[in-house]
$ cat start.tsv   # TSV, C-alpha atoms
chain	number	residue	atom	x	y	z
D	1	LEU	CA	-75.52	-207.38	-92.97
D	2	PRO	CA	-75.09	-210.75	-91.27
D	3	ALA	CA	-73.28	-209.22	-88.28
D	4	GLU	CA	-73.75	-210.84	-84.89
D	5	ALA	CA	-71.71	-208.29	-82.92
D	6	ILE	CA	-69.50	-205.25	-83.45
D	7	SER	CA	-66.69	-204.52	-80.97
D	8	ALA	CA	-65.46	-201.07	-79.93
D	9	GLU	CA	-62.20	-201.82	-81.80
D	10	GLY	CA	-64.05	-202.22	-85.12
D	11	ALA	CA	-64.17	-206.03	-85.35
D	12	ILE	CA	-67.42	-207.21	-86.92
D	13	ASP	CA	-68.35	-210.78	-85.97
D	14	LEU	CA	-69.95	-212.46	-88.99
D	15	GLY	CA	-70.61	-215.73	-87.19
D	16	GLN	CA	-69.77	-218.72	-89.36
D	17	HIS	CA	-68.55	-216.39	-92.13
D	18	GLY	CA	-65.62	-215.08	-90.08
D	19	THR	CA	-64.70	-211.59	-88.98
D	20	ALA	CA	-64.52	-208.27	-90.77
D	21	TYR	CA	-62.85	-205.08	-89.59
D	22	ALA	CA	-63.75	-201.44	-90.03
D	23	ALA	CA	-61.31	-198.55	-89.90
D	24	ALA	CA	-61.64	-194.82	-90.43
D	25	CYS	CA	-58.77	-192.89	-91.96
D	26	SER	CA	-58.21	-189.23	-92.58
D	27	THR	CA	-56.60	-187.58	-95.56
D	28	VAL	CA	-52.87	-187.16	-96.11
D	29	ASN	CA	-51.66	-184.20	-98.16
D	30	PHE	CA	-49.08	-186.16	-100.11
D	31	GLY	CA	-47.86	-183.22	-102.17
D	32	LEU	CA	-46.80	-181.23	-99.10
D	33	ARG	CA	-44.65	-184.05	-97.72
D	34	SER	CA	-40.91	-184.28	-98.18
D	35	ALA	CA	-39.50	-187.00	-100.43
D	36	GLY	CA	-38.58	-189.09	-97.38
D	37	GLU	CA	-42.05	-188.75	-95.88
D	38	GLN	CA	-43.64	-189.67	-99.21
D	39	ASN	CA	-41.47	-192.78	-99.44
D	40	SER	CA	-42.43	-193.74	-95.88
D	41	LEU	CA	-46.13	-193.37	-96.64
D	42	ILE	CA	-45.83	-195.47	-99.79
D	43	ALA	CA	-43.80	-198.12	-97.97
D	44	GLY	CA	-46.33	-198.34	-95.15
D	45	PHE	CA	-49.25	-198.68	-97.56
D	46	SER	CA	-47.30	-201.26	-99.54
D	47	ARG	CA	-46.61	-203.32	-96.39
D	48	TRP	CA	-50.33	-203.20	-95.53
D	49	LEU	CA	-51.31	-204.36	-99.02
D	50	HIS	CA	-48.79	-207.23	-98.92
D	51	SER	CA	-50.06	-208.33	-95.50
D	52	LEU	CA	-53.61	-208.92	-96.72
D	53	SER	CA	-54.75	-212.50	-96.86
D	54	GLY	CA	-58.33	-211.89	-97.96
D	55	PRO	CA	-60.48	-209.49	-99.94
D	56	VAL	CA	-60.53	-205.81	-98.97
D	57	GLN	CA	-62.99	-203.07	-99.78
D	58	VAL	CA	-61.80	-199.46	-99.72
D	59	VAL	CA	-64.57	-196.86	-99.61
D	60	VAL	CA	-63.76	-193.23	-100.33
D	61	ARG	CA	-66.34	-190.74	-99.18
D	62	ALA	CA	-66.29	-187.00	-99.66
D	63	GLN	CA	-68.59	-184.66	-97.81
D	64	ARG	CA	-68.98	-180.91	-97.66
D	65	LEU	CA	-67.46	-179.18	-94.68
D	66	ASP	CA	-69.36	-176.28	-93.10
D	67	LEU	CA	-66.74	-173.69	-92.15
D	68	GLU	CA	-69.21	-171.07	-90.85
D	69	PRO	CA	-68.77	-171.91	-87.12
D	70	TYR	CA	-64.97	-171.72	-87.47
D	71	LEU	CA	-65.13	-168.47	-89.41
D	72	ASP	CA	-67.50	-166.95	-86.84
D	73	ALA	CA	-65.16	-167.92	-83.99
D	74	LEU	CA	-62.21	-166.46	-85.90
D	75	ALA	CA	-64.07	-163.20	-86.56
D	76	ASP	CA	-65.18	-162.95	-82.92
D	77	GLY	CA	-61.64	-163.44	-81.62
D	78	ALA	CA	-59.95	-161.18	-84.19
D	79	GLY	CA	-61.24	-157.98	-82.54
D	80	GLY	CA	-59.18	-158.59	-79.42
D	81	LEU	CA	-55.89	-159.10	-81.27
D	82	PRO	CA	-53.23	-156.34	-81.20

$ encode --input "start.tsv" --output "structure tokens"
Amino acid sequence: LPAEAISAEGAIDLGQHGTAYAAACSTVNFGLRSAGEQNSLIAGFSRWLHSLSGPVQVVVRAQRLDLEPYLDALADGAGGLP
């Protein structure tokens, strides 16, 4: 990676090659949204796509989530519930 510096805001200085940006996004449960919310999400994504002036890479990563700590905390707290 020809990066010279990376800022706290996600800007990656590539020197003479320009600047790249990194962003992290979480999931959106599209199916549970109302029709208006779905339209707003699509419109926002569309505006972002139309604002691009250079190439973009979208990386989708899935990883397993360990629920054991959450389940243990839930089980520990459940005994004190009425």

$ closest_residue --input "start.tsv" --among "D:Ser34, D:Asn29, D:Val59, D:Ala23" --to "Ala11 (chain D)" --atoms "all atoms listed in the file"
D:Ala23

$ residues_around --input "start.tsv" --residues "Pro55 (chain D)" --least-positions-apart "4" --cutoff "12 Å" --atoms "all atoms listed in the file" --output "tab-separated table (two decimals) with C-alpha atoms, in the coordinates of the input"
chain	number	residue	atom	x	y	z
D	19	THR	CA	-64.70	-211.59	-88.98
D	20	ALA	CA	-64.52	-208.27	-90.77
D	21	TYR	CA	-62.85	-205.08	-89.59
D	49	LEU	CA	-51.31	-204.36	-99.02
D	50	HIS	CA	-48.79	-207.23	-98.92
D	51	SER	CA	-50.06	-208.33	-95.50

$ residues_around --input "start.tsv" --residues "Val28 (chain D)" --least-positions-apart "2" --cutoff "12 Å" --atoms "all atoms listed in the file" --output "VMD selection string"
chain D and resid 25 to 26 30 to 33 37 to 38 41 to 42

$ write_last_selection --input "start.tsv" --atoms "C-alpha atoms" --output "PDB file, in the frame of the given file"
ATOM      1  CA  CYS D  25     -58.770-192.890 -91.960  1.00  0.00           C
ATOM      2  CA  SER D  26     -58.210-189.230 -92.580  1.00  0.00           C
ATOM      3  CA  PHE D  30     -49.080-186.160-100.110  1.00  0.00           C
ATOM      4  CA  GLY D  31     -47.860-183.220-102.170  1.00  0.00           C
ATOM      5  CA  LEU D  32     -46.800-181.230 -99.100  1.00  0.00           C
ATOM      6  CA  ARG D  33     -44.650-184.050 -97.720  1.00  0.00           C
ATOM      7  CA  GLU D  37     -42.050-188.750 -95.880  1.00  0.00           C
ATOM      8  CA  GLN D  38     -43.640-189.670 -99.210  1.00  0.00           C
ATOM      9  CA  LEU D  41     -46.130-193.370 -96.640  1.00  0.00           C
ATOM     10  CA  ILE D  42     -45.830-195.470 -99.790  1.00  0.00           C
TER      11      ILE D  42
END

$ atom_distance --input "start.tsv" --atom1 "CA of Val58 (chain D)" --atom2 "CA of Ala24 (chain D)"
10.4 Å

$ atom_distance --input "start.tsv" --atom1 "CA of Ala22 (chain D)" --atom2 "CA of Val60 (chain D)"
13.2 Å

$ atom_distance --input "start.tsv" --atom1 "CA of Arg61 (chain D)" --atom2 "CA of Ser7 (chain D)"
22.8 Å

$ decode --input "start.tsv" --residues "region 14-43 of chain D" --atoms "N, CA and C atoms" --output "PDB file, in the first residue's frame"
ATOM      1  N   LEU D  14      -2.113   9.153  -0.335  1.00  0.00           N
ATOM      2  CA  LEU D  14      -1.360   8.315  -1.266  1.00  0.00           C
ATOM      3  C   LEU D  14      -0.269   9.095  -1.987  1.00  0.00           C
ATOM      4  N   GLY D  15       0.116  10.217  -1.415  1.00  0.00           N
ATOM      5  CA  GLY D  15       1.175  11.036  -2.011  1.00  0.00           C
ATOM      6  C   GLY D  15       0.764  11.565  -3.358  1.00  0.00           C
ATOM      7  N   GLN D  16       1.595  11.334  -4.362  1.00  0.00           N
ATOM      8  CA  GLN D  16       1.318  11.849  -5.708  1.00  0.00           C
ATOM      9  C   GLN D  16       0.131  11.175  -6.376  1.00  0.00           C
ATOM     10  N   HIS D  17      -0.355  10.071  -5.800  1.00  0.00           N
ATOM     11  CA  HIS D  17      -1.490   9.347  -6.384  1.00  0.00           C
ATOM     12  C   HIS D  17      -2.834   9.842  -5.868  1.00  0.00           C
ATOM     13  N   GLY D  18      -2.833  10.797  -4.937  1.00  0.00           N
ATOM     14  CA  GLY D  18      -4.082  11.363  -4.447  1.00  0.00           C
ATOM     15  C   GLY D  18      -4.435  10.917  -3.049  1.00  0.00           C
ATOM     16  N   THR D  19      -5.709  10.823  -2.786  1.00  0.00           N
ATOM     17  CA  THR D  19      -6.215  10.477  -1.464  1.00  0.00           C
ATOM     18  C   THR D  19      -7.303   9.420  -1.610  1.00  0.00           C
ATOM     19  N   ALA D  20      -7.313   8.494  -0.676  1.00  0.00           N
ATOM     20  CA  ALA D  20      -8.370   7.495  -0.619  1.00  0.00           C
ATOM     21  C   ALA D  20      -9.035   7.626   0.744  1.00  0.00           C
ATOM     22  N   TYR D  21     -10.242   7.126   0.853  1.00  0.00           N
ATOM     23  CA  TYR D  21     -10.981   7.216   2.110  1.00  0.00           C
ATOM     24  C   TYR D  21     -11.485   5.843   2.506  1.00  0.00           C
ATOM     25  N   ALA D  22     -11.512   5.600   3.802  1.00  0.00           N
ATOM     26  CA  ALA D  22     -12.031   4.343   4.332  1.00  0.00           C
ATOM     27  C   ALA D  22     -13.224   4.648   5.220  1.00  0.00           C
ATOM     28  N   ALA D  23     -14.228   3.807   5.145  1.00  0.00           N
ATOM     29  CA  ALA D  23     -15.415   3.974   5.979  1.00  0.00           C
ATOM     30  C   ALA D  23     -15.896   2.598   6.417  1.00  0.00           C
ATOM     31  N   ALA D  24     -16.412   2.526   7.608  1.00  0.00           N
ATOM     32  CA  ALA D  24     -17.009   1.288   8.106  1.00  0.00           C
ATOM     33  C   ALA D  24     -18.506   1.507   8.233  1.00  0.00           C
ATOM     34  N   CYS D  25     -19.265   0.546   7.794  1.00  0.00           N
ATOM     35  CA  CYS D  25     -20.730   0.645   7.836  1.00  0.00           C
ATOM     36  C   CYS D  25     -21.290  -0.606   8.482  1.00  0.00           C
ATOM     37  N   SER D  26     -22.408  -0.444   9.121  1.00  0.00           N
ATOM     38  CA  SER D  26     -23.067  -1.604   9.712  1.00  0.00           C
ATOM     39  C   SER D  26     -24.222  -2.044   8.814  1.00  0.00           C
ATOM     40  N   THR D  27     -24.856  -3.112   9.192  1.00  0.00           N
ATOM     41  CA  THR D  27     -25.941  -3.643   8.380  1.00  0.00           C
ATOM     42  C   THR D  27     -27.226  -2.843   8.581  1.00  0.00           C
ATOM     43  N   VAL D  28     -28.107  -2.946   7.623  1.00  0.00           N
ATOM     44  CA  VAL D  28     -29.441  -2.347   7.694  1.00  0.00           C
ATOM     45  C   VAL D  28     -30.428  -3.456   7.343  1.00  0.00           C
ATOM     46  N   ASN D  29     -31.348  -3.739   8.252  1.00  0.00           N
ATOM     47  CA  ASN D  29     -32.354  -4.753   7.968  1.00  0.00           C
ATOM     48  C   ASN D  29     -33.441  -4.105   7.115  1.00  0.00           C
ATOM     49  N   PHE D  30     -33.250  -4.199   5.820  1.00  0.00           N
ATOM     50  CA  PHE D  30     -34.116  -3.529   4.850  1.00  0.00           C
ATOM     51  C   PHE D  30     -35.548  -4.038   4.915  1.00  0.00           C
ATOM     52  N   GLY D  31     -35.708  -5.341   5.115  1.00  0.00           N
ATOM     53  CA  GLY D  31     -37.036  -5.934   5.103  1.00  0.00           C
ATOM     54  C   GLY D  31     -37.920  -5.500   6.258  1.00  0.00           C
ATOM     55  N   LEU D  32     -37.322  -5.056   7.356  1.00  0.00           N
ATOM     56  CA  LEU D  32     -38.101  -4.626   8.515  1.00  0.00           C
ATOM     57  C   LEU D  32     -38.442  -3.143   8.489  1.00  0.00           C
ATOM     58  N   ARG D  33     -38.004  -2.451   7.470  1.00  0.00           N
ATOM     59  CA  ARG D  33     -38.272  -1.010   7.345  1.00  0.00           C
ATOM     60  C   ARG D  33     -39.608  -0.776   6.661  1.00  0.00           C
ATOM     61  N   SER D  34     -40.209   0.357   6.972  1.00  0.00           N
ATOM     62  CA  SER D  34     -41.448   0.732   6.293  1.00  0.00           C
ATOM     63  C   SER D  34     -41.113   1.130   4.855  1.00  0.00           C
ATOM     64  N   ALA D  35     -42.135   1.248   4.033  1.00  0.00           N
ATOM     65  CA  ALA D  35     -41.931   1.624   2.627  1.00  0.00           C
ATOM     66  C   ALA D  35     -41.227   2.981   2.521  1.00  0.00           C
ATOM     67  N   GLY D  36     -41.616   3.927   3.369  1.00  0.00           N
ATOM     68  CA  GLY D  36     -40.981   5.245   3.347  1.00  0.00           C
ATOM     69  C   GLY D  36     -39.514   5.179   3.746  1.00  0.00           C
ATOM     70  N   GLU D  37     -39.219   4.380   4.762  1.00  0.00           N
ATOM     71  CA  GLU D  37     -37.820   4.228   5.194  1.00  0.00           C
ATOM     72  C   GLU D  37     -36.993   3.536   4.119  1.00  0.00           C
ATOM     73  N   GLN D  38     -37.579   2.535   3.464  1.00  0.00           N
ATOM     74  CA  GLN D  38     -36.867   1.858   2.380  1.00  0.00           C
ATOM     75  C   GLN D  38     -36.554   2.833   1.250  1.00  0.00           C
ATOM     76  N   ASN D  39     -37.532   3.653   0.895  1.00  0.00           N
ATOM     77  CA  ASN D  39     -37.317   4.640  -0.169  1.00  0.00           C
ATOM     78  C   ASN D  39     -36.233   5.640   0.222  1.00  0.00           C
ATOM     79  N   SER D  40     -36.197   6.034   1.486  1.00  0.00           N
ATOM     80  CA  SER D  40     -35.170   6.966   1.954  1.00  0.00           C
ATOM     81  C   SER D  40     -33.787   6.341   1.881  1.00  0.00           C
ATOM     82  N   LEU D  41     -33.677   5.082   2.264  1.00  0.00           N
ATOM     83  CA  LEU D  41     -32.388   4.386   2.191  1.00  0.00           C
ATOM     84  C   LEU D  41     -31.907   4.278   0.749  1.00  0.00           C
ATOM     85  N   ILE D  42     -32.808   3.907  -0.146  1.00  0.00           N
ATOM     86  CA  ILE D  42     -32.450   3.785  -1.556  1.00  0.00           C
ATOM     87  C   ILE D  42     -32.053   5.137  -2.135  1.00  0.00           C
ATOM     88  N   ALA D  43     -32.796   6.172  -1.770  1.00  0.00           N
ATOM     89  CA  ALA D  43     -32.483   7.519  -2.275  1.00  0.00           C
ATOM     90  C   ALA D  43     -31.121   7.992  -1.774  1.00  0.00           C
TER      91      ALA D  43
END
